[in-house]
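Peer 1: Got a structure for you, entry.txt, holding compact mmCIF, C-alpha atoms (C1' of nucleotides).
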```
# COMPACT_ATOMS: atom_id res chain seq x y z
CA MET P 1130 -17.01 -25.42 -8.56
CA ILE P 1131 -13.73 -24.69 -10.28
CA GLU P 1132 -11.83 -21.52 -9.51
CA LYS P 1133 -12.47 -19.90 -12.86
CA GLN P 1134 -16.22 -19.95 -12.36
CA ARG P 1135 -16.00 -18.85 -8.72
CA LEU P 1136 -13.82 -15.88 -9.58
CA LEU P 1137 -16.17 -14.80 -12.32
CA LYS P 1138 -19.15 -15.24 -10.01
CA VAL P 1139 -17.52 -13.06 -7.35
CA TYR P 1140 -16.94 -10.39 -9.98
CA GLU P 1141 -20.55 -10.54 -11.15
CA LYS P 1142 -21.87 -10.28 -7.61
CA LEU P 1143 -19.69 -7.28 -6.88
CA TYR P 1144 -20.58 -5.59 -10.14
CA ARG P 1145 -24.29 -6.09 -9.53
CA ALA P 1146 -23.93 -4.78 -5.97
CA PHE P 1147 -21.79 -1.73 -6.67
CA GLY P 1148 -21.77 -1.04 -10.42
CA PRO P 1149 -18.78 0.41 -12.32
CA GLN P 1150 -16.26 2.19 -10.09
CA GLY P 1151 -14.69 4.49 -12.69
CA TRP P 1152 -11.06 3.84 -11.80
CA TRP P 1153 -8.47 5.31 -11.72
CA PRO P 1154 -9.70 8.66 -10.34
CA ALA P 1155 -7.24 11.02 -12.07
CA ASP P 1156 -7.06 13.43 -15.02
CA THR P 1157 -3.90 12.08 -16.63
CA ALA P 1158 -1.71 8.96 -16.70
CA PHE P 1159 1.01 10.94 -14.93
CA GLU P 1160 -1.40 11.77 -12.13
CA VAL P 1161 -2.31 8.09 -11.84
CA ILE P 1162 1.32 7.25 -11.20
CA LEU P 1163 1.75 9.93 -8.55
CA GLY P 1164 -1.41 8.68 -6.87
CA ALA P 1165 -0.22 5.07 -6.99
CA ILE P 1166 2.91 5.99 -5.05
CA LEU P 1167 1.17 8.39 -2.68
CA THR P 1168 -1.53 5.90 -1.71
CA GLN P 1169 0.91 3.34 -0.34
CA SER P 1170 -0.60 2.39 3.02
CA THR P 1171 -2.56 5.63 2.99
CA SER P 1172 -6.24 6.52 2.68
CA TRP P 1173 -7.26 7.89 -0.70
CA GLN P 1174 -8.74 10.97 0.92
CA ASN P 1175 -5.32 12.00 2.19
CA VAL P 1176 -3.82 11.35 -1.24
CA GLU P 1177 -6.42 13.67 -2.77
CA ARG P 1178 -5.29 16.47 -0.46
CA ALA P 1179 -1.70 15.99 -1.61
CA ILE P 1180 -2.73 15.92 -5.29
CA THR P 1181 -4.78 19.07 -4.76
CA ASN P 1182 -1.77 20.80 -3.25
CA LEU P 1183 0.30 19.91 -6.31
CA LYS P 1184 -2.42 21.20 -8.64
CA ASN P 1185 -2.84 24.42 -6.69
CA ALA P 1186 0.93 24.96 -6.91
CA ASN P 1187 0.58 24.39 -10.67
CA SER P 1188 3.16 21.64 -10.31
CA LEU P 1189 1.44 18.45 -11.37
CA SER P 1190 3.53 17.66 -14.42
CA PHE P 1191 6.70 15.81 -15.26
CA LYS P 1192 8.48 19.03 -16.13
CA LYS P 1193 7.58 20.89 -12.95
CA LEU P 1194 8.26 17.99 -10.63
CA SER P 1195 11.59 17.14 -12.22
CA LYS P 1196 12.78 20.65 -11.42
CA MET P 1197 11.28 20.86 -7.94
CA LYS P 1198 13.48 20.52 -4.87
CA MET P 1199 12.76 17.41 -2.88
CA HIS P 1200 12.09 19.40 0.29
CA ARG P 1201 9.51 21.53 -1.49
CA LEU P 1202 7.84 18.41 -2.91
CA ALA P 1203 7.74 16.84 0.54
CA GLN P 1204 5.94 19.88 1.96
CA LEU P 1205 3.30 19.79 -0.79
CA ILE P 1206 2.51 16.10 -0.35
CA LYS P 1207 2.51 16.26 3.45
CA PRO P 1208 -1.17 15.27 3.90
CA ALA P 1209 -0.46 11.89 2.27
CA GLY P 1210 1.83 10.90 5.13
CA TYR P 1211 5.36 9.40 5.01
CA TYR P 1212 6.06 12.56 3.06
CA ASN P 1213 9.86 12.40 3.16
CA VAL P 1214 9.88 8.80 1.99
CA LYS P 1215 7.28 9.45 -0.70
CA ALA P 1216 8.95 12.61 -2.00
CA LYS P 1217 12.07 10.51 -2.56
CA ARG P 1218 10.04 7.75 -4.26
CA LEU P 1219 8.31 10.22 -6.58
CA LYS P 1220 11.70 11.66 -7.48
CA ASN P 1221 13.04 8.16 -8.11
CA PHE P 1222 10.25 7.47 -10.60
CA ILE P 1223 10.62 10.85 -12.31
CA LEU P 1224 14.36 10.32 -12.72
CA PHE P 1225 13.68 6.86 -14.15
CA LEU P 1226 11.18 8.32 -16.63
CA LYS P 1227 13.63 11.02 -17.68
CA LYS P 1228 16.58 8.69 -18.13
CA ASN P 1229 14.76 5.85 -19.92
CA TYR P 1230 11.91 7.53 -21.78
CA SER P 1231 12.80 11.22 -21.95
CA GLY P 1232 9.94 11.96 -19.58
CA ASP P 1233 7.44 10.62 -22.11
CA LEU P 1234 4.84 8.15 -20.85
CA ASN P 1235 3.64 7.41 -24.40
CA ARG P 1236 7.12 6.22 -25.26
CA MET P 1237 7.20 4.11 -22.11
CA LYS P 1238 3.83 2.58 -22.97
CA LYS P 1239 5.20 1.06 -26.19
CA LYS P 1240 7.50 -1.30 -24.26
CA ASP P 1241 6.64 -4.91 -23.45
CA THR P 1242 4.58 -5.34 -20.29
CA LEU P 1243 6.93 -7.75 -18.51
CA VAL P 1244 9.94 -5.62 -19.37
CA LEU P 1245 8.17 -2.60 -17.93
CA ARG P 1246 7.24 -4.50 -14.79
CA ARG P 1247 10.87 -5.46 -14.17
CA GLN P 1248 11.97 -1.88 -14.78
CA LEU P 1249 9.38 -0.48 -12.40
CA LEU P 1250 10.30 -2.98 -9.67
CA SER P 1251 13.93 -1.92 -9.97
CA ILE P 1252 12.97 1.60 -8.83
CA CYS P 1253 13.46 2.02 -5.09
CA GLY P 1254 10.02 2.68 -3.62
CA ILE P 1255 8.00 0.82 -6.24
CA GLY P 1256 6.92 -2.66 -5.16
CA PRO P 1257 4.61 -5.17 -6.86
CA GLU P 1258 1.30 -3.44 -6.13
CA THR P 1259 2.49 0.00 -7.16
CA ALA P 1260 4.13 -1.39 -10.29
CA ASP P 1261 1.00 -3.29 -11.30
CA SER P 1262 -1.23 -0.30 -10.56
CA ILE P 1263 0.91 1.79 -12.87
CA LEU P 1264 0.83 -0.88 -15.59
CA LEU P 1265 -2.93 -1.36 -15.38
CA TYR P 1266 -4.29 2.10 -14.65
CA ALA P 1267 -1.72 4.42 -16.17
CA LEU P 1268 -0.41 2.36 -19.09
CA GLN P 1269 -3.57 0.33 -19.84
CA LYS P 1270 -1.83 -3.04 -19.66
CA PRO P 1271 -3.86 -6.17 -18.75
CA VAL P 1272 -2.24 -6.79 -15.35
CA PHE P 1273 -4.17 -7.88 -12.27
CA VAL P 1274 -3.48 -5.74 -9.20
CA VAL P 1275 -3.39 -7.48 -5.82
CA ASP P 1276 -3.63 -5.49 -2.61
CA ALA P 1277 -4.31 -5.94 1.11
CA TYR P 1278 -8.07 -6.02 0.49
CA THR P 1279 -7.75 -8.72 -2.17
CA ARG P 1280 -5.76 -10.94 0.19
CA ARG P 1281 -8.04 -10.22 3.15
CA ILE P 1282 -11.30 -10.76 1.30
CA PHE P 1283 -10.29 -14.01 -0.39
CA SER P 1284 -8.61 -15.49 2.70
CA ARG P 1285 -11.53 -14.64 4.97
CA HIS P 1286 -13.87 -16.27 2.51
CA GLY P 1287 -11.76 -19.41 2.63
CA PHE P 1288 -10.41 -19.11 -0.88
CA VAL P 1289 -6.67 -18.89 -0.11
CA GLU P 1290 -4.28 -18.90 2.86
CA LYS P 1291 -4.17 -15.54 4.59
CA ASP P 1292 -0.41 -15.16 4.06
CA VAL P 1293 -0.42 -16.17 0.38
CA ASP P 1294 2.30 -14.23 -1.42
CA TYR P 1295 1.63 -11.55 -4.01
CA GLU P 1296 2.60 -13.43 -7.16
CA THR P 1297 0.71 -16.58 -6.20
CA LEU P 1298 -2.52 -14.69 -5.58
CA GLN P 1299 -2.01 -12.70 -8.76
CA ARG P 1300 -1.48 -15.88 -10.82
CA LEU P 1301 -4.76 -17.23 -9.49
CA PHE P 1302 -6.57 -14.38 -11.22
CA THR P 1303 -4.51 -14.16 -14.37
CA ARG P 1304 -4.78 -17.91 -14.96
CA ALA P 1305 -8.55 -17.98 -14.49
CA LEU P 1306 -9.68 -14.76 -16.13
CA PRO P 1307 -9.55 -13.55 -19.73
CA SER P 1308 -6.68 -11.07 -20.08
CA GLN P 1309 -8.77 -7.94 -20.52
CA ASN P 1310 -7.73 -4.54 -19.25
CA ARG P 1311 -11.35 -3.60 -18.65
CA LEU P 1312 -12.07 -6.66 -16.49
CA PHE P 1313 -8.90 -6.35 -14.39
CA ASN P 1314 -9.54 -2.65 -13.92
CA GLU P 1315 -13.08 -3.12 -12.64
CA TYR P 1316 -12.39 -6.26 -10.61
CA HIS P 1317 -9.67 -4.69 -8.50
CA ALA P 1318 -11.65 -1.48 -8.03
CA LEU P 1319 -14.67 -3.50 -6.88
CA LEU P 1320 -12.56 -5.47 -4.38
CA VAL P 1321 -11.30 -2.20 -2.90
CA ARG P 1322 -14.88 -0.92 -2.73
CA LEU P 1323 -15.98 -4.09 -0.94
CA GLY P 1324 -12.99 -3.95 1.38
CA LYS P 1325 -13.63 -0.35 2.39
CA GLU P 1326 -17.24 -1.07 3.27
CA PHE P 1327 -17.25 -4.63 4.58
CA CYS P 1328 -13.81 -6.06 5.12
CA LYS P 1329 -11.67 -3.71 7.18
CA LYS P 1330 -8.69 -5.14 9.01
CA THR P 1331 -10.38 -5.91 12.30
CA LYS P 1332 -14.06 -5.75 11.41
CA MET P 1333 -15.99 -7.96 9.08
CA LYS P 1334 -19.57 -6.93 8.47
CA CYS P 1335 -21.37 -10.11 7.44
CA PRO P 1336 -23.94 -11.14 6.39
CA ALA P 1337 -24.51 -7.71 4.84
CA CYS P 1338 -21.50 -8.45 2.61
CA PRO P 1339 -22.61 -8.71 -1.04
CA LEU P 1340 -20.64 -11.93 -1.36
CA GLY P 1341 -23.01 -13.42 1.22
CA GLY P 1342 -22.38 -15.91 3.96
CA ALA P 1343 -23.01 -15.19 7.63
CA MET P 1344 -19.83 -17.07 8.52
CA GLY P 1345 -17.76 -14.91 6.22
CA ARG P 1346 -17.53 -17.59 3.57
CA LEU P 1347 -18.42 -17.41 -0.07
CA SER P 1348 -21.97 -18.58 -0.53
CA LEU P 1349 -21.67 -19.63 -4.12
C1' DC W 659 -7.25 7.07 23.88
C1' DA W 660 -6.37 3.16 20.13
C1' DC W 661 -6.57 1.71 15.56
C1' DC W 662 -6.44 2.10 10.64
C1' DA W 663 -5.45 3.44 5.56
C1' DG W 664 -5.55 1.01 -2.10
C1' DG W 665 3.20 -0.52 0.78
C1' DC W 666 7.85 -0.69 0.72
C1' DA W 667 12.64 -0.90 2.11
C1' DA W 668 16.04 -1.36 5.57
C1' DG W 669 17.62 -3.44 9.66
C1' DT W 670 18.35 -7.57 12.53
C1' DA W 671 19.64 -12.38 13.66
C1' DT R 1081 15.92 -16.54 4.67
C1' DA R 1082 12.43 -14.82 7.91
C1' DC R 1083 10.84 -11.55 11.00
C1' DT R 1084 10.66 -6.67 12.73
C1' DT R 1085 10.65 -1.72 12.43
C1' DG R 1086 10.34 3.08 10.42
C1' DC R 1087 7.85 6.09 7.82
C1' DA R 1088 3.33 10.14 9.26
C1' DT R 1089 -1.03 12.41 8.23
C1' DG R 1090 -6.00 12.55 9.07
C1' DG R 1091 -10.44 9.89 9.94
C1' DT R 1092 -13.28 6.90 13.12
```
Let me see the file written as structure tokens.
Peer 2:
Amino acid sequence: MIEKQRLLKVYEKLYRAFGPQGWWPADTAFEVILGAILTQSTSWQNVERAITNLKNANSLSFKKLSKMKMHRLAQLIKPAGYYNVKAKRLKNFILFLKKNYSGDLNRMKKKDTLVLRRQLLSICGIGPETADSILLYALQKPVFVVDAYTRRIFSRHGFVEKDVDYETLQRLFTRALPSQNRLFNEYHALLVRLGKEFCKKTKMKCPACPLGGAMGRLSL
DNA sequence: CACCAGGCAAGTA
DNA sequence: TACTTGCATGGT
């Protein structure tokens, strides 16, 4: 079976098993971006605590955060871990947004997707996954997001090498799938859902895995 | 106690 | 270029 059909079949199986995931869990595009940075190698639950702290301090906005001292920001996002590093990264993005788009995400959204991707990657603290998450979930661009779960799930099911690089794995999806924001949004969210429940780093709960296969391989 | 979570950059050879 | 290490809280 060619890759295009397999990838669509995986998506259908996941969608039937879990249904729509409603990503990204946030009230605004700005909040999506903060979450994308805060969730780097960090459980979403801890990110929620940090976001809640920012909301309770009435500080979850471009204007408030651009004025906030870095030390103060670090204290508020403490539950998300790596708080000194992440406070700096959040500030880096905010400064970028101020300098290039006057703090206006709508203005940023008008730019070409690949131009935006290069700009985001030039910010210290924003790598490929964070950049693509921002493009897809905050700016509604049709960009496929790859993460540790994506790599783990597809390598364990014998689809790709386990150390396949980000761009290669991403191209696999973008070549095979129709370039639809809605599809990319749901597909990535479903892979994360599957990963959380069945494909943690050390454990692999098969054959309960919705993708099937007692040996951890795709049964398609 | 050990291990992990929706990464990334900096240091080393 | 190709590894390795630091960053840090909270759940299992």
Peer 1: Can you work out which one of P:Ala1155, P:Leu1205, P:Leu1143, P:Val1275 has the shortest atom-to-atom distance to chain W, counting all atoms listed in the file?
Peer 2: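 The closest residue to chain W is P:Val1275.
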Peer 1: Record the distance separating atom CA of P:Thr1168 and atom CA of P:Ser1262, expressed in Å with one decimal.
Peer 2: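 For atom CA of P:Thr1168 relative to atom CA of P:Ser1262, the distance reads 10.8 Å.
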Peer 1: Using all atoms listed in the file, determine which residues lie at most 12 Å from R:DC1083, disregarding the query and same-chain residues fewer than 2 positions distant; provide the list as a list in words.
Peer 2: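 Within the cut-off, the hits are DG669, DT670 and DA671 of chain W; DT1081 and DT1085 of chain R.
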Peer 1: Set the cut-off to 6 Å and count only C-alpha atoms (C1' of nucleotides): what are the residues of chain W that reach chain P? Output as an MDAnalysis selection string.
Peer 2: chainID W and resid 663 665:666
Peer 1: Go through chain P residue by residue and, counting all atoms listed in the file, keep those with an atom at most 8 Å from chain R; for each kept residue give the shortest atom pair and its distance in Å to one decimal, ordered by chain and increasing number, as a Markdown table.
Peer 2:
```
| residue | atom | partner | partner_atom | distance |
| --- | --- | --- | --- | --- |
| P:Asn1175 | CA | R:DG1090 | C1' | 6.9 |
| P:Lys1207 | CA | R:DT1089 | C1' | 7.1 |
| P:Pro1208 | CA | R:DT1089 | C1' | 5.2 |
| P:Ala1209 | CA | R:DT1089 | C1' | 6.0 |
| P:Gly1210 | CA | R:DA1088 | C1' | 4.5 |
| P:Tyr1211 | CA | R:DA1088 | C1' | 4.8 |
| P:Tyr1212 | CA | R:DA1088 | C1' | 7.2 |
| P:Val1214 | CA | R:DC1087 | C1' | 6.7 |
```
Peer 1: In the coordinate frame of the file, compute which residues have an atom within 7 Å of (-8.0, 5.2, -5.1) when using only C-alpha atoms (C1' of nucleotides), and state them as a list of chain:residue names.
Peer 2: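 Answer for this query, in the requested form: P:Trp1153, P:Pro1154, P:Trp1173, W:DG664.
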Peer 1: Separation of atom CA of P:Gly1287 and atom CA of P:Thr1303, in Å?
Peer 2: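 For atom CA of P:Gly1287 relative to atom CA of P:Thr1303, the distance reads 19.2 Å.
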